[in-house]
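Novice: Let me begin by handing over the structure; questions about it come next.
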Amino acid sequence: MCSCFFWKGNDTAAHGVRVSWDRICTLKPEEGLGLKKLETWNKACILMLMKNILAGDGSLWVAWVKEYILKGVDFWEAESKPYHSWILKKLFKMRYDVAPLFFTYLSALSTVKVQKIWDDIRVRNDKIDWHKLIWFLLHIPKHAIISWMCILDRLPTTDRLLQMGIEEYFISPAMAMTNDDAKETDEFQKGVKHLLENGVRKLHDKYILPISDRPNVDKEQPITAESRLKLPIIDFAELQGPNRSQVLNSLSFACEEYGKLLTIVEMHVVNHGIPIEVTRSMVDVSARFFGQPYEERSKYMSSDMASPVRYGTSWNQNKDVVFYWRDFLKLVCHPLSDSDVLPHWPSSPMDFRERAATYAKETKYLFLRIMEAILETLGLWGATLDDKTPENGDILNQLDDGSQLMVVNCFPPCPEPNLTLGMPPHPDYGFLTLLPQDDVHGLQIQYKGQWITVEPTDNSFVVNIGDHLEIFSNGRYKSVLHRVFVNLAKPRLSVASLHSLPFDCMVRPSPNLIDDANPRRYKHTDFATFLEYISTCEPKGKSFLKSRKLT
Ligand SMILES: O=C(O)CCC(=O)C(=O)O
Ligand SMILES: [Fe+2]
């Protein structure tokens with residue numbers, strides 16, 4: 001098919017898009033042109049190979065993989081090696097992303113067909129019924145395609161007629177209908193809260209994820225006492241007391257073994273912890289911020305990633321094809337002074353700046369204390385350190401003067417929570433993220449290919465290890481992949497505090513953690529590299545970190 005029919009110019013480059021490739025690759029009963037997207041088909045074929053390996057059937061190749069690659073190791077546990085072939089690397093890379101899909105096939109693993117896998121992972125649109133008027137038996141292709149583009153409002157005719165001064169009431173109802181659709185697209189940019197405030201009660205296709213990416217919250221195991229016990233609990237008060245060395249051992253175990261999550265309880269310890277009222281007051285003022293009319297909230301909308309304040313929706317609303325059910329307010333918190341970021345922060349509610357600034361200071365303090373302990377577990381800080389090189393001491397000073405970004409996430413109730421997510425699987429970019437927990441479930445972390453729901457514990461912080469700590473520790477501590485699901489009835493609000501080195505500083509593996517036995521595993525990186533990455537590629541899982549890995 002000649003691309004210049006849908007896009008401007010010749011048939012080698014596509015610009016001036018009239019119909020997106022995604023739309024073309026959607027089934028006809030779902031408003032598309034019925035082509036199969038090769039990328040999705042290819043993914044389905046790779047999943048099929050994975051299924052064959054799991055089911056232990058298929059070709060000689062499957063037997064060869066079992067015998068010579070897996071060598072008795074469980075498929076979910078086996079490591080990808082640099083010398084593996086492209087297809088094997090791809091298989092290993094995709095396995096955790098698709099694990100939930102396989103759990104749904106468990107009973108019919110050996111019989112499932114590639115067509116079924118493709119159908120499960122492809123992006124879906126709502127069904128329409130007008131396609132039968134266009135794609136009937138013996139239709140004339142040229143007429144069908146023009147009618148199809150007209151219904152989608154992708155023919156430039158309306159604009160041209162308007163330019164010629166021909167008024168809107170001459171425009172056909174089909175065109176008028178699709179103009180409304182275009183308006184709807186703008187509405188998505190205004191966020192999910194705005195949709196609900198305007199009476200939307202059904203989940204639009206814009207938010208419907210392919211089956212493999214959906215949360216399947218109902219199908220997952222409820223959190224049992226055992227699975228909760230597996231999450232390490234670090235008592236911050238103990239960390240500051242005579243039992244510090246024992247707590248450090250658990251901390252090191254927590255970071256290394258779980259590579260992801262430590263739940264810190266008893267935070268209201270005098271002189272050390274964050275008073276519970278400070279957290280509550282931050283959550284309360286954030287809820288009041290989101291409770292204001294759209295006009296007030298949207299004053300802070302900006303597409304500038306470096307802006308000291310940014311209101312927005314979804315994950316990356318300028319790039320997301322499918323939107324996530326979240327609105328957010330991001331606040332740069334460093335340097336926290338009247339002449340720097342504070343004047344940019346929301347002025348309404350009136351007590352917003354004051355409460356947010358207090359919370360930012362408290363979390364920064366806590367972050368630094370936890371980092372001290374983590375550096376101690378790495379042998380880079382504290383009494384056990386013989387060689388206090390400037391390199392070791394510097395990191396804490398740099399973190400003290402480092403970046404802090406506060407992300408206030410608002411997840412309103414969602415009409416169909418099983419079809420969408422509040423946030424996609426992602427690691428955080430910094431060293432640590434501090435997340436106070438309220439009583440609404442939503443946060444899930446990936447552990448051994450399974451999504452585990454974090455049990456909200458009152459007056460506790462979940463601390464996530466981010467990509468920068470993984471790089472700094474040269475891979476000893478791994479960043480955690482996490483996501484957020486939403487629910488039907490309860491609104492959820494979270495305040496994540498992300499900490500790292502100053503935005504213009506390079507993060508590199510600590511030279512003290514590199515030797516012959518532990519060669520350097522990561523390239524250095526800075527915030528600008530990260531921003532450039534997310535504005536050019538769609539980050540999937542830990543793909544940014546993988547792009548910084550030395551093989
Ligand atoms: O809402 C949560 O619990 C997690 C938020 C989060 O992951 C983030 O803001 O990066
Ligand atoms: Fe996060």
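Residues in the structure tokens are numbered from 1 in each chain, the chains being A, B, ... in the order shown, and ligands are numbered from 1 in the order shown.
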Wanna dump the chain A-ligand 2 contacts at 9 Å for me, each residue with its shortest atom pair and the distance in Å to one decimal, counting only C-alpha atoms and all ligand atoms, ordered by chain and number, as a tab-separated table?
Specialist:
residue	atom	partner	partner_atom_place_in_ligand_line	distance
A:Met423	CA	ligand 2	1 (Fe)	8.0
A:Pro425	CA	ligand 2	1 (Fe)	8.4
A:His426	CA	ligand 2	1 (Fe)	6.3
A:Pro427	CA	ligand 2	1 (Fe)	5.9
A:Asp428	CA	ligand 2	1 (Fe)	4.8
A:Tyr429	CA	ligand 2	1 (Fe)	8.4
A:Thr433	CA	ligand 2	1 (Fe)	7.5
A:Leu435	CA	ligand 2	1 (Fe)	9.0
A:Asn464	CA	ligand 2	1 (Fe)	7.9
A:Gly466	CA	ligand 2	1 (Fe)	8.6
A:Val480	CA	ligand 2	1 (Fe)	8.8
A:Leu481	CA	ligand 2	1 (Fe)	8.1
A:His482	CA	ligand 2	1 (Fe)	6.4
A:Arg483	CA	ligand 2	1 (Fe)	7.1
A:Val484	CA	ligand 2	1 (Fe)	8.5
A:Ala496	CA	ligand 2	1 (Fe)	7.3
A:Leu498	CA	ligand 2	1 (Fe)	8.5
Novice: Just want the 12 Å neighbourhood of Glu31 in chain A, counted on only C-alpha atoms, with same-chain residues fewer than 6 positions away dropped. Output as a list in words.
Specialist: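 Everything that qualifies: Val19, Ser20, Asp22, Arg23, Ile24, Cys25, Arg124, Asn125, Asp126, Lys127, Ile128, Asp129, Trp130, His131, Lys132, Ile134, Trp135, Ile145, Ser147, Trp148, Met149, Cys150, Ile151, Leu152, Asp153 and Asp205 of chain A.
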Novice: Which one of A:Thr279, A:Ser494, A:Ser500, A:Thr40 sits closest to Glu470 in chain A if you count only C-alpha atoms?
Specialist: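 Nearest candidate to Glu470 in chain A out of A:Thr279, A:Ser494, A:Ser500, A:Thr40: A:Ser500.
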Novice: Would you please work out which residue, of A:Pro436, A:Gly312, A:Leu342, A:Pro293, is nearest to Asn198 in chain A when using only C-alpha atoms?
Specialist: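 Checking each of A:Pro436, A:Gly312, A:Leu342, A:Pro293 against Asn198 in chain A, counting only C-alpha atoms, the winner is A:Pro293.
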Novice: Suppose you want the space between CA of Ile534 in chain A and CA of Ser212 in chain A; what is it in Å?
Specialist: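 Interatomic distance, CA of Ile534 in chain A to CA of Ser212 in chain A: 22.4 Å.
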Novice: Report, in Å with one decimal, the straight-line distance from CA of Leu531 in chain A to atom 10 (O, counted along the ligand's line) of ligand 1.
Specialist: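 Separation between CA of Leu531 in chain A and atom 10 (O, counted along the ligand's line) of ligand 1: 15.0 Å.
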Novice: From the options A:Val341, A:Val200, A:Ala63, A:Val454, which residue's atoms come nearest to ligand 1, counting only C-alpha atoms and all ligand atoms?
Specialist: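 Smallest separation from ligand 1 among the options: A:Val454.
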Novice: I want to know what sits within 12 Å of Lys490 in chain A, based on only C-alpha atoms, with residues of the same chain fewer than 4 positions away left out; could you give that as a list in words?
Specialist: Cys410, Phe411, Pro412, Pro413, Cys414, Pro415, Pro417, Asp438, Asp439, Val440, His441, Gly442, Phe485 and Val486 of chain A
Novice: Would you save the residues from that selection as a compact mmCIF listing (two decimals), in the first residue's frame, using N, CA and C atoms?
Specialist:
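Output (result33.txt):
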# COMPACT_ATOMS: atom_id res chain seq x y z
N CYS A 410 -2.45 11.32 41.92
CA CYS A 410 -3.87 11.26 42.26
C CYS A 410 -4.50 10.18 41.37
N PHE A 411 -5.03 9.15 41.99
CA PHE A 411 -5.67 8.06 41.24
C PHE A 411 -7.15 8.03 41.61
N PRO A 412 -7.98 8.73 40.86
CA PRO A 412 -9.41 8.73 41.22
C PRO A 412 -10.01 7.34 40.99
N PRO A 413 -11.21 7.08 41.54
CA PRO A 413 -11.85 5.78 41.28
C PRO A 413 -11.97 5.58 39.78
N CYS A 414 -11.84 4.33 39.36
CA CYS A 414 -11.83 4.06 37.92
C CYS A 414 -13.01 3.13 37.57
N PRO A 415 -13.78 3.46 36.53
CA PRO A 415 -14.96 2.64 36.22
C PRO A 415 -14.62 1.17 35.91
N PRO A 417 -11.35 -0.87 36.60
CA PRO A 417 -9.95 -0.93 37.03
C PRO A 417 -9.17 -2.11 36.48
N ASP A 438 -0.77 4.87 52.66
CA ASP A 438 -2.07 5.07 53.31
C ASP A 438 -2.82 3.73 53.26
N ASP A 439 -4.13 3.77 53.47
CA ASP A 439 -4.80 2.46 53.62
C ASP A 439 -5.40 1.93 52.33
N VAL A 440 -5.07 2.50 51.19
CA VAL A 440 -5.64 1.99 49.94
C VAL A 440 -4.58 1.22 49.15
N HIS A 441 -4.89 -0.04 48.84
CA HIS A 441 -3.96 -0.84 48.05
C HIS A 441 -3.76 -0.20 46.67
N GLY A 442 -2.63 -0.45 46.07
CA GLY A 442 -2.40 0.09 44.73
C GLY A 442 -0.99 -0.21 44.25
N PHE A 485 -1.96 -0.16 40.49
CA PHE A 485 -3.29 -0.44 39.96
C PHE A 485 -4.30 0.47 40.62
N VAL A 486 -5.44 0.62 39.98
CA VAL A 486 -6.44 1.54 40.52
C VAL A 486 -7.67 0.75 40.94
Novice: Any idea what's packed within 10 Å of Tyr522 in chain A, counting only C-alpha atoms, ignoring anything in its chain fewer than 5 positions away? Could you give it as a ChimeraX atom specification?
Specialist: /A:470-475,507-509,545-551
Novice: Take the residues from that selection and write them out as a compact mmCIF listing (two decimals), in the first residue's frame, keeping all heavy atoms.
Specialist:
# COMPACT_ATOMS: atom_id res chain seq x y z
N GLU A 470 21.37 1.52 41.81
CA GLU A 470 21.84 0.28 41.15
C GLU A 470 23.17 0.56 40.43
O GLU A 470 24.11 -0.21 40.53
CB GLU A 470 20.79 -0.26 40.17
CG GLU A 470 21.29 -1.50 39.45
CD GLU A 470 20.24 -2.31 38.72
OE1 GLU A 470 19.04 -2.20 39.04
OE2 GLU A 470 20.64 -3.09 37.82
N ILE A 471 23.23 1.70 39.74
CA ILE A 471 24.47 2.04 39.02
C ILE A 471 25.59 2.31 40.04
O ILE A 471 26.69 1.76 39.92
CB ILE A 471 24.25 3.28 38.12
CG1 ILE A 471 23.25 2.92 37.01
CG2 ILE A 471 25.57 3.77 37.54
CD1 ILE A 471 22.90 4.05 36.08
N PHE A 472 25.30 3.14 41.05
CA PHE A 472 26.33 3.51 42.02
C PHE A 472 26.87 2.27 42.74
O PHE A 472 28.07 2.15 42.99
CB PHE A 472 25.75 4.51 43.04
CG PHE A 472 26.70 4.87 44.12
CD1 PHE A 472 27.71 5.81 43.89
CD2 PHE A 472 26.63 4.27 45.37
CE1 PHE A 472 28.62 6.12 44.89
CE2 PHE A 472 27.54 4.58 46.37
CZ PHE A 472 28.54 5.52 46.12
N SER A 473 25.99 1.32 43.07
CA SER A 473 26.46 0.13 43.79
C SER A 473 27.01 -0.90 42.81
O SER A 473 27.28 -2.04 43.18
CB SER A 473 25.32 -0.48 44.61
OG SER A 473 24.35 -1.05 43.77
N ASN A 474 27.16 -0.51 41.57
CA ASN A 474 27.67 -1.38 40.51
C ASN A 474 26.86 -2.69 40.41
O ASN A 474 27.40 -3.77 40.22
CB ASN A 474 29.15 -1.67 40.73
CG ASN A 474 29.83 -2.14 39.43
OD1 ASN A 474 29.40 -1.79 38.33
ND2 ASN A 474 30.86 -2.96 39.55
N GLY A 475 25.57 -2.55 40.62
CA GLY A 475 24.67 -3.69 40.42
C GLY A 475 24.43 -4.52 41.66
O GLY A 475 23.71 -5.51 41.62
N VAL A 507 26.16 10.15 37.50
CA VAL A 507 26.09 9.02 38.43
C VAL A 507 26.92 7.90 37.82
O VAL A 507 26.72 7.55 36.65
CB VAL A 507 24.64 8.52 38.60
CG1 VAL A 507 24.58 7.40 39.62
CG2 VAL A 507 23.73 9.65 39.00
N ARG A 508 27.86 7.38 38.59
CA ARG A 508 28.72 6.31 38.06
C ARG A 508 28.94 5.27 39.15
O ARG A 508 28.75 5.55 40.33
CB ARG A 508 30.07 6.88 37.60
CG ARG A 508 30.71 7.85 38.59
CD ARG A 508 32.12 8.21 38.15
NE ARG A 508 32.15 8.82 36.84
CZ ARG A 508 32.03 10.12 36.59
NH1 ARG A 508 31.86 10.96 37.59
NH2 ARG A 508 32.10 10.59 35.36
N PRO A 509 29.32 4.05 38.77
CA PRO A 509 29.60 3.05 39.80
C PRO A 509 30.71 3.55 40.71
O PRO A 509 31.69 4.13 40.23
CB PRO A 509 30.06 1.83 38.99
CG PRO A 509 29.49 2.03 37.64
CD PRO A 509 29.44 3.51 37.41
N LEU A 545 17.82 1.62 32.25
CA LEU A 545 18.98 1.08 32.95
C LEU A 545 19.74 0.10 32.05
O LEU A 545 20.96 0.10 32.01
CB LEU A 545 18.53 0.38 34.23
CG LEU A 545 19.67 0.14 35.18
CD1 LEU A 545 19.91 1.35 36.03
CD2 LEU A 545 19.39 -1.04 36.06
N LYS A 546 18.98 -0.68 31.30
CA LYS A 546 19.64 -1.65 30.41
C LYS A 546 20.48 -0.90 29.38
O LYS A 546 21.54 -1.35 29.00
CB LYS A 546 18.60 -2.54 29.74
CG LYS A 546 18.12 -3.60 30.71
CD LYS A 546 17.19 -4.60 30.07
CE LYS A 546 16.55 -5.43 31.17
NZ LYS A 546 15.14 -5.73 30.91
N SER A 547 19.98 0.28 28.95
CA SER A 547 20.74 1.04 27.95
C SER A 547 22.04 1.58 28.56
O SER A 547 22.93 2.00 27.84
CB SER A 547 19.89 2.19 27.40
OG SER A 547 19.86 3.25 28.34
N ARG A 548 22.15 1.62 29.89
CA ARG A 548 23.38 2.09 30.53
C ARG A 548 24.30 0.93 30.91
O ARG A 548 25.36 1.14 31.49
CB ARG A 548 23.08 2.89 31.82
CG ARG A 548 22.08 3.99 31.73
CD ARG A 548 22.26 4.91 30.55
NE ARG A 548 23.54 5.58 30.50
CZ ARG A 548 24.10 6.05 29.39
NH1 ARG A 548 23.51 5.89 28.23
NH2 ARG A 548 25.26 6.66 29.44
N LYS A 549 23.89 -0.29 30.62
CA LYS A 549 24.70 -1.45 31.04
C LYS A 549 25.87 -1.68 30.09
O LYS A 549 25.70 -1.55 28.88
CB LYS A 549 23.83 -2.71 31.08
CG LYS A 549 23.26 -2.95 32.44
CD LYS A 549 22.77 -4.37 32.60
CE LYS A 549 22.36 -4.59 34.04
NZ LYS A 549 21.32 -5.54 34.20
N LEU A 550 27.00 -2.02 30.67
CA LEU A 550 28.13 -2.43 29.84
C LEU A 550 28.03 -3.94 29.72
O LEU A 550 27.82 -4.62 30.71
CB LEU A 550 29.45 -2.07 30.54
CG LEU A 550 29.72 -0.58 30.74
CD1 LEU A 550 30.83 -0.37 31.74
CD2 LEU A 550 30.08 0.07 29.42
N THR A 551 28.19 -4.43 28.50
CA THR A 551 28.00 -5.89 28.39
C THR A 551 29.33 -6.60 28.59
O THR A 551 30.38 -6.04 28.40
CB THR A 551 27.42 -6.28 27.02
OG1 THR A 551 28.11 -5.54 26.05
CG2 THR A 551 25.94 -5.99 27.00
Novice: What separation in Å, quoted to one decimal, exists between CA of Gln446 in chain A and CA of Gly422 in chain A?
Specialist: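 For CA of Gln446 in chain A relative to CA of Gly422 in chain A, the distance reads 15.6 Å.
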